[in-house]
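Peer 1: Following this line is my_file_28.txt, made up of compact mmCIF, C-alpha atoms:
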```txt
# COMPACT_ATOMS: atom_id res chain seq x y z
CA MET L 23 -7.76 -7.33 4.59
CA ARG L 24 -9.04 -7.76 8.15
CA ALA L 25 -8.97 -4.17 9.36
CA ALA L 26 -7.75 -0.70 8.42
CA SER L 27 -7.05 2.56 10.21
CA ALA L 28 -6.81 5.76 8.19
CA GLU L 29 -5.73 7.59 11.34
CA HIS L 30 -2.73 5.33 11.87
CA LEU L 31 -2.12 4.58 8.19
CA ALA L 32 -2.29 0.89 9.08
CA LEU L 33 -3.67 -2.26 7.48
CA LEU L 34 -4.16 -5.67 9.09
CA LEU L 35 -3.76 -8.35 6.43
CA THR L 36 -3.79 -12.14 6.33
CA ALA L 37 -0.96 -14.01 4.62
CA VAL L 38 -1.64 -15.28 1.10
CA PRO L 39 -0.52 -18.92 0.77
CA GLY L 40 1.75 -20.02 -2.04
CA ARG L 41 4.38 -18.32 -4.19
CA PRO L 42 4.20 -16.13 -7.29
CA LEU L 43 3.76 -18.15 -10.48
CA LYS L 44 6.92 -16.53 -11.82
CA GLN L 45 8.91 -18.43 -9.17
CA LEU L 46 7.31 -21.84 -9.70
CA GLN L 47 8.02 -24.70 -12.07
CA LEU L 48 4.57 -26.10 -12.83
CA SER L 49 3.21 -28.51 -15.40
CA PRO L 50 1.15 -26.91 -18.20
CA VAL L 51 -1.97 -28.42 -16.64
CA GLU L 52 -1.29 -26.86 -13.25
CA GLU L 53 -0.32 -23.53 -14.82
CA ALA L 54 -3.68 -23.50 -16.60
CA ARG L 55 -5.43 -24.32 -13.32
CA ALA L 56 -3.68 -21.39 -11.62
CA HIS L 57 -4.65 -18.99 -14.40
CA ARG L 58 -8.23 -20.27 -14.36
CA ASN L 59 -8.39 -19.57 -10.63
CA GLY L 60 -6.77 -16.18 -11.17
CA GLY L 61 -9.38 -15.28 -13.79
CA ALA L 62 -12.17 -16.30 -11.41
CA LEU L 63 -10.75 -14.03 -8.72
CA LEU L 64 -10.55 -11.12 -11.15
CA ALA L 65 -14.20 -11.68 -12.01
CA ARG L 66 -15.10 -11.47 -8.33
CA LEU L 67 -13.03 -8.31 -7.89
CA HIS L 68 -14.58 -6.67 -10.96
CA ALA L 69 -18.06 -7.41 -9.67
CA ALA L 70 -17.37 -6.26 -6.11
CA GLY L 71 -16.13 -2.70 -6.56
CA ASP L 72 -18.28 0.33 -5.74
CA LEU L 73 -18.48 2.35 -8.94
CA SER L 74 -20.66 5.20 -7.84
CA GLY L 75 -19.94 8.92 -7.86
CA SER L 76 -16.36 9.95 -8.56
CA ARG L 77 -15.20 6.35 -9.06
CA ARG L 78 -17.66 5.87 -11.91
CA ALA L 79 -16.50 9.11 -13.48
CA GLU L 80 -12.89 7.92 -13.17
CA ALA L 81 -13.75 4.58 -14.78
CA GLU L 82 -15.63 6.22 -17.63
CA GLN L 83 -12.58 8.40 -18.41
CA ALA L 84 -10.01 5.60 -18.09
CA LEU L 85 -9.57 4.89 -21.79
CA GLN L 86 -9.44 8.61 -22.59
CA ALA L 87 -6.73 9.03 -19.96
CA ALA L 88 -4.74 6.14 -21.43
CA ALA L 89 -5.01 7.63 -24.90
CA ASP L 90 -3.96 11.06 -23.59
CA GLY L 91 -0.79 9.53 -22.14
CA ALA L 92 0.32 8.03 -25.44
CA GLU L 93 1.76 11.24 -26.87
CA GLY L 94 3.95 11.81 -23.81
CA HIS L 95 5.32 8.28 -24.04
CA LEU L 96 6.03 8.73 -27.75
CA ALA L 97 7.87 11.98 -27.13
CA ALA L 98 9.97 10.37 -24.40
CA ALA L 99 10.71 7.30 -26.54
CA GLY L 100 11.85 9.41 -29.48
CA ASP L 101 13.91 7.51 -32.05
CA ARG L 102 13.55 4.23 -30.18
CA LEU L 103 10.52 3.87 -32.45
CA THR L 104 10.53 4.13 -36.22
CA SER L 105 8.28 6.61 -38.00
CA PRO L 106 5.78 3.86 -38.97
CA GLU L 107 5.71 2.69 -35.35
CA HIS L 108 4.99 6.22 -34.12
CA LYS L 109 2.18 6.45 -36.66
CA LEU L 110 0.64 3.13 -35.61
CA VAL L 111 0.66 3.98 -31.91
CA ARG L 112 -0.97 7.36 -32.57
CA GLN L 113 -3.59 5.68 -34.74
CA LEU L 114 -4.43 3.08 -32.08
CA ALA L 115 -4.54 5.73 -29.35
CA GLU L 116 -7.04 7.69 -31.43
CA GLU L 117 -9.12 4.56 -32.01
CA LEU L 118 -9.17 4.02 -28.26
CA ARG L 119 -10.93 7.38 -27.85
CA ASN L 120 -13.67 6.39 -30.27
CA LEU L 121 -14.71 3.06 -28.79
CA PRO L 122 -18.26 2.64 -27.45
CA PRO L 123 -18.73 2.39 -23.65
CA LEU L 124 -17.15 -0.78 -22.26
CA SER L 125 -17.69 -2.76 -19.06
CA LEU L 126 -16.46 -0.82 -16.03
CA ALA L 127 -14.84 -2.36 -12.96
CA TYR L 128 -12.61 -1.80 -9.98
CA ILE L 129 -9.47 -3.46 -11.35
CA HIS L 130 -6.35 -4.95 -9.81
CA GLY L 131 -4.18 -2.82 -12.10
CA ASP L 132 -1.05 -5.03 -12.08
CA ALA L 133 -2.40 -8.46 -12.91
CA TRP L 134 0.25 -10.81 -14.28
CA ASP L 135 2.39 -13.78 -13.24
CA ARG L 136 4.57 -12.00 -10.72
CA ASN L 137 1.50 -10.99 -8.69
CA LEU L 138 -0.49 -14.22 -9.03
CA MET L 139 0.18 -16.50 -6.09
CA TRP L 140 -0.38 -20.25 -6.36
CA SER L 141 -0.45 -22.76 -3.54
CA THR L 142 0.26 -26.24 -4.87
CA ALA L 143 -0.78 -27.81 -1.58
CA ARG L 144 -4.15 -26.03 -1.50
CA GLN L 145 -4.63 -25.72 -5.26
CA GLN L 146 -5.52 -22.12 -4.52
CA ALA L 147 -4.69 -18.82 -6.22
CA GLY L 148 -4.45 -15.33 -4.79
CA TRP L 149 -3.60 -11.89 -6.16
CA ILE L 150 -1.15 -9.63 -4.34
CA ASP L 151 0.16 -6.06 -4.81
CA PHE L 152 -2.97 -3.97 -5.21
CA GLU L 153 -1.26 -0.59 -5.16
CA ARG L 154 -2.36 0.11 -8.76
CA SER L 155 -6.00 -0.80 -8.13
CA ARG L 156 -8.41 1.75 -9.52
CA ALA L 157 -11.72 2.30 -11.24
CA ALA L 158 -11.29 1.67 -14.96
CA THR L 159 -12.55 -0.50 -17.79
CA ALA L 160 -12.45 -4.22 -16.99
CA VAL L 161 -10.33 -5.02 -20.04
CA GLN L 162 -7.45 -2.94 -18.68
CA ASP L 163 -6.76 -5.74 -16.19
CA PHE L 164 -5.70 -8.03 -19.05
CA VAL L 165 -3.12 -5.81 -20.77
CA LEU L 166 -0.02 -7.04 -18.94
CA MET L 167 -0.87 -10.70 -19.44
CA ALA L 168 -1.67 -10.09 -23.12
CA CYS L 169 1.76 -8.45 -23.55
CA SER L 170 3.71 -11.13 -21.67
CA THR L 171 2.39 -14.53 -20.56
CA TRP L 172 -0.29 -14.92 -23.21
CA THR L 173 2.09 -14.15 -26.08
CA ASP L 174 3.41 -17.72 -26.24
CA ARG L 175 0.68 -19.42 -24.20
CA PRO L 176 -2.79 -19.07 -25.74
CA ASP L 177 -3.82 -21.95 -23.48
CA LEU L 178 -3.27 -19.72 -20.44
CA ARG L 179 -5.31 -16.94 -22.01
CA ALA L 180 -8.13 -19.42 -22.59
CA ALA L 181 -7.85 -20.72 -19.01
CA CYS L 182 -7.89 -17.23 -17.49
CA LEU L 183 -10.93 -16.15 -19.49
CA GLN L 184 -12.67 -19.43 -18.72
CA GLY L 185 -12.21 -18.68 -15.04
CA TYR L 186 -13.32 -15.09 -15.66
CA GLY L 187 -16.58 -16.46 -16.98
CA ARG L 188 -16.65 -14.89 -20.44
CA ASN L 189 -14.57 -14.04 -23.47
CA LEU L 190 -13.70 -10.48 -24.33
CA THR L 191 -16.16 -8.71 -26.61
CA VAL L 192 -15.02 -7.53 -30.05
CA GLU L 193 -14.81 -3.98 -28.70
CA GLU L 194 -12.82 -5.08 -25.64
CA GLN L 195 -10.41 -7.03 -27.83
CA HIS L 196 -9.81 -3.94 -29.94
CA ALA L 197 -9.33 -1.86 -26.79
CA LEU L 198 -6.78 -4.46 -25.61
CA THR L 199 -4.85 -4.04 -28.85
CA CYS L 200 -4.86 -0.25 -28.50
CA LEU L 201 -3.82 -0.43 -24.84
CA ALA L 202 -1.03 -2.87 -25.72
CA ALA L 203 0.43 -0.29 -28.11
CA ILE L 204 0.53 2.31 -25.35
CA ASP L 205 2.03 -0.22 -22.92
CA ALA L 206 4.71 -1.07 -25.50
CA VAL L 207 5.82 2.55 -25.84
CA SER L 208 5.83 2.95 -22.06
CA CYS L 209 8.10 -0.11 -21.82
CA LEU L 210 10.47 1.39 -24.39
CA VAL L 211 10.71 4.50 -22.23
CA TRP L 212 11.02 2.92 -18.78
CA GLY L 213 13.01 -0.16 -19.73
CA PRO L 214 16.13 1.78 -20.80
CA THR L 215 15.59 4.39 -18.07
CA LEU L 216 15.54 1.72 -15.36
CA ASP L 217 18.16 -0.42 -17.13
CA ASP L 218 15.64 -3.27 -17.26
CA PRO L 219 16.17 -5.32 -20.43
CA HIS L 220 13.10 -7.49 -19.72
CA VAL L 221 10.75 -4.50 -19.77
CA THR L 222 12.41 -3.17 -22.92
CA ALA L 223 12.13 -6.55 -24.63
CA ARG L 224 8.45 -6.82 -23.70
CA GLY L 225 7.75 -3.46 -25.26
CA GLN L 226 9.66 -4.20 -28.44
CA ARG L 227 8.07 -7.60 -28.87
CA THR L 228 4.57 -6.17 -28.46
CA LEU L 229 5.35 -3.43 -30.95
CA ASP L 230 6.76 -5.94 -33.44
CA ARG L 231 3.58 -8.05 -33.16
CA LEU L 232 1.38 -4.99 -33.64
CA MET L 233 3.34 -3.92 -36.71
CA ALA L 234 3.06 -7.43 -38.13
CA GLY L 235 -0.68 -7.48 -37.44
CA VAL L 236 -0.48 -10.64 -35.32
CA PHE L 237 -1.36 -9.22 -31.90
CA ALA L 238 -4.40 -11.06 -30.52
```
Represent the structure of the file as structure tokens.
Peer 2:
Amino acid sequence: MRAASAEHLALLLTAVPGRPLKQLQLSPVEEARAHRNGGALLARLHAAGDLSGSRRAEAEQALQAAADGAEGHLAAAGDRLTSPEHKLVRQLAEELRNLPPLSLAYIHGDAWDRNLMWSTARQQAGWIDFERSRAATAVQDFVLMACSTWTDRPDLRAACLQGYGRNLTVEEQHALTCLAAIDAVSCLVWGPTLDDPHVTARGQRTLDRLMAGVFA
């Protein structure tokens, strides 16, 4: 961003080179390089945000807010989930409330392949679509990738976290599991509502992995 005017509701932005990873056919090595760069950029974003005052309060309540939303998603999903699935999601939402304080950050909020640009010519990554950016816990920026890209590509998870500069803590990994359950139910609500089979499939697959105890 080069300039902004609240009065005119205007932003002056530079173009981000490249194309979204979702649209590219890359070798596994180059995919890993793109995710490593993407992780490094998330680390810079997480370290750059101003988390004072109301933003810090928002970040500190982020996991509580996510847990609070679980019951509404479950009610809307209804019999799209079995009784054991309802029970598991409620259990994980409750566990989310009881986690110790986690690392806070100003997050991208929609970080996954469709919003990660990669320029093959420049070997350069860039994140786009920041409309869901907010103060939250840092681990919340990894939920979408954990429920999609990383499912079949642990090498891309490793590359992203290598670029990020650290692995998730035990508590963050558990938070990721809890948040994935809430994301899954949300997908099973919005996928059918929007007639989007890809979103529905993502939710069901995440839920199946959680029920099987293989989500990681």
Peer 1: In Å, how far is it from atom CA of Arg58 of chain L to atom CA of Phe152 of chain L?
Peer 2: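 Taking atom CA of Arg58 of chain L as the start and atom CA of Phe152 of chain L as the end point, the length is 19.4 Å.
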Peer 1: For Arg154 of chain L, work out the shell of residues within 7 Å, counting all atoms listed in the file and skipping chain neighbours fewer than 3 positions away, then give it as an NGL selection string.
Peer 2: :L and (130-132)
Peer 1: Hey, which of L:Ala206, L:Val211, L:Leu183, L:Leu178 ends up closest to Glu52 of chain L? Count all atoms listed in the file.
Peer 2: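 The shortest atom-to-atom distance to Glu52 of chain L comes from L:Leu178.
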Peer 1: Just the number, please: distance in Å from atom CA of Leu67 of chain L to atom CA of Asn137 of chain L, one decimal.
Peer 2: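 Atom CA of Asn137 of chain L lies 14.8 Å from atom CA of Leu67 of chain L.
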Peer 1: Taking only C-alpha atoms into account, produce a table as CSV in which each residue of segment 117-225 of chain L with an atom at most 9 Å from an atom of segment 94-110 of chain L appears once, together with its shortest atom pair and the distance in Å to one decimal, ordered by chain and rising number.
Peer 2:
```
residue,atom,partner,partner_atom,distance
L:Ala203,CA,L:Leu110,CA,8.2
L:Ile204,CA,L:His95,CA,7.8
L:Val207,CA,L:His95,CA,6.0
L:Ser208,CA,L:His95,CA,5.7
L:Leu210,CA,L:Ala99,CA,6.3
L:Val211,CA,L:Ala99,CA,5.1
L:Trp212,CA,L:Ala99,CA,8.9
```
Peer 1: Find the residue from L:Asp218, L:Asp151, L:Asp177, L:Asp72 that sits nearest to Val38 of chain L; use all atoms listed in the file when measuring.
Peer 2: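 Closest residue, counting all atoms listed in the file: L:Asp151.
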Peer 1: Which is closest to Leu232 of chain L among L:Ile129, L:Leu34, L:Leu198, L:Val192, if we use only C-alpha atoms?
Peer 2: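 Looking at the shortest contact to Leu232 of chain L, the residue is L:Leu198.
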Peer 1: Choose the residue, out of L:Asp135, L:Asp174, L:Asp205, L:Glu80, that has the smallest atom-to-atom separation from Leu229 of chain L; count only C-alpha atoms.
Peer 2: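 Among the listed residues, the smallest separation from Leu229 of chain L belongs to L:Asp205.
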Peer 1: May I have the residues within 8 Å of Thr199 of chain L as a ChimeraX atom specification, using only C-alpha atoms and disregarding those fewer than 6 positions away in the same chain?
Peer 2: /L:114,232,237-238
Peer 1: Rank L:Ser141, L:Asn59, L:Ser125, L:Ser27 by their smallest atom-to-atom distance to Gln45 of chain L, using only C-alpha atoms, and report the top residue only.
Peer 2: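 Counting only C-alpha atoms, the residue closest to Gln45 of chain L is L:Ser141.
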Peer 1: Find the residue from L:Cys200, L:Ala81, L:Met167, L:Leu73 that sits nearest to Asn120 of chain L; use only C-alpha atoms when measuring.
Peer 2: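 For Asn120 of chain L, the nearest of the given residues is L:Cys200.
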Peer 1: Against segment 40-43 of chain L, which residues of segment 100-189 of chain L fall within 10 Å? For each one I want the closest pair of atoms and the distance in Å (one decimal), counting only C-alpha atoms, rows by chain and increasing residue number, as a Markdown table.
Peer 2:
```
| residue | atom | partner | partner_atom | distance |
| --- | --- | --- | --- | --- |
| L:Trp134 | CA | L:Leu43 | CA | 9.0 |
| L:Asp135 | CA | L:Leu43 | CA | 5.3 |
| L:Arg136 | CA | L:Pro42 | CA | 5.4 |
| L:Asn137 | CA | L:Pro42 | CA | 6.0 |
| L:Leu138 | CA | L:Pro42 | CA | 5.4 |
| L:Met139 | CA | L:Pro42 | CA | 4.2 |
| L:Trp140 | CA | L:Gly40 | CA | 4.8 |
| L:Ser141 | CA | L:Gly40 | CA | 3.8 |
| L:Thr142 | CA | L:Gly40 | CA | 7.0 |
| L:Ala143 | CA | L:Gly40 | CA | 8.2 |
| L:Arg144 | CA | L:Gly40 | CA | 8.4 |
| L:Gln145 | CA | L:Gly40 | CA | 9.1 |
| L:Gln146 | CA | L:Gly40 | CA | 8.0 |
| L:Ala147 | CA | L:Gly40 | CA | 7.8 |
| L:Gly148 | CA | L:Gly40 | CA | 8.2 |
| L:Trp149 | CA | L:Pro42 | CA | 8.9 |
| L:Ile150 | CA | L:Pro42 | CA | 8.9 |
```
Peer 1: Mind pulling up the distance from atom CA of Ala56 of chain L to atom CA of Ala181 of chain L?
Peer 2: 8.5 Å
Peer 1: Counting all atoms listed in the file, select every polymer residue within 12 Å of (-15.5, -14.7, -19.3) as defined in the file's coordinates, and provide the selection as a PyMOL selection string.
Peer 2: chain L and resi 58+61-66+68+160-161+164+179-191+194
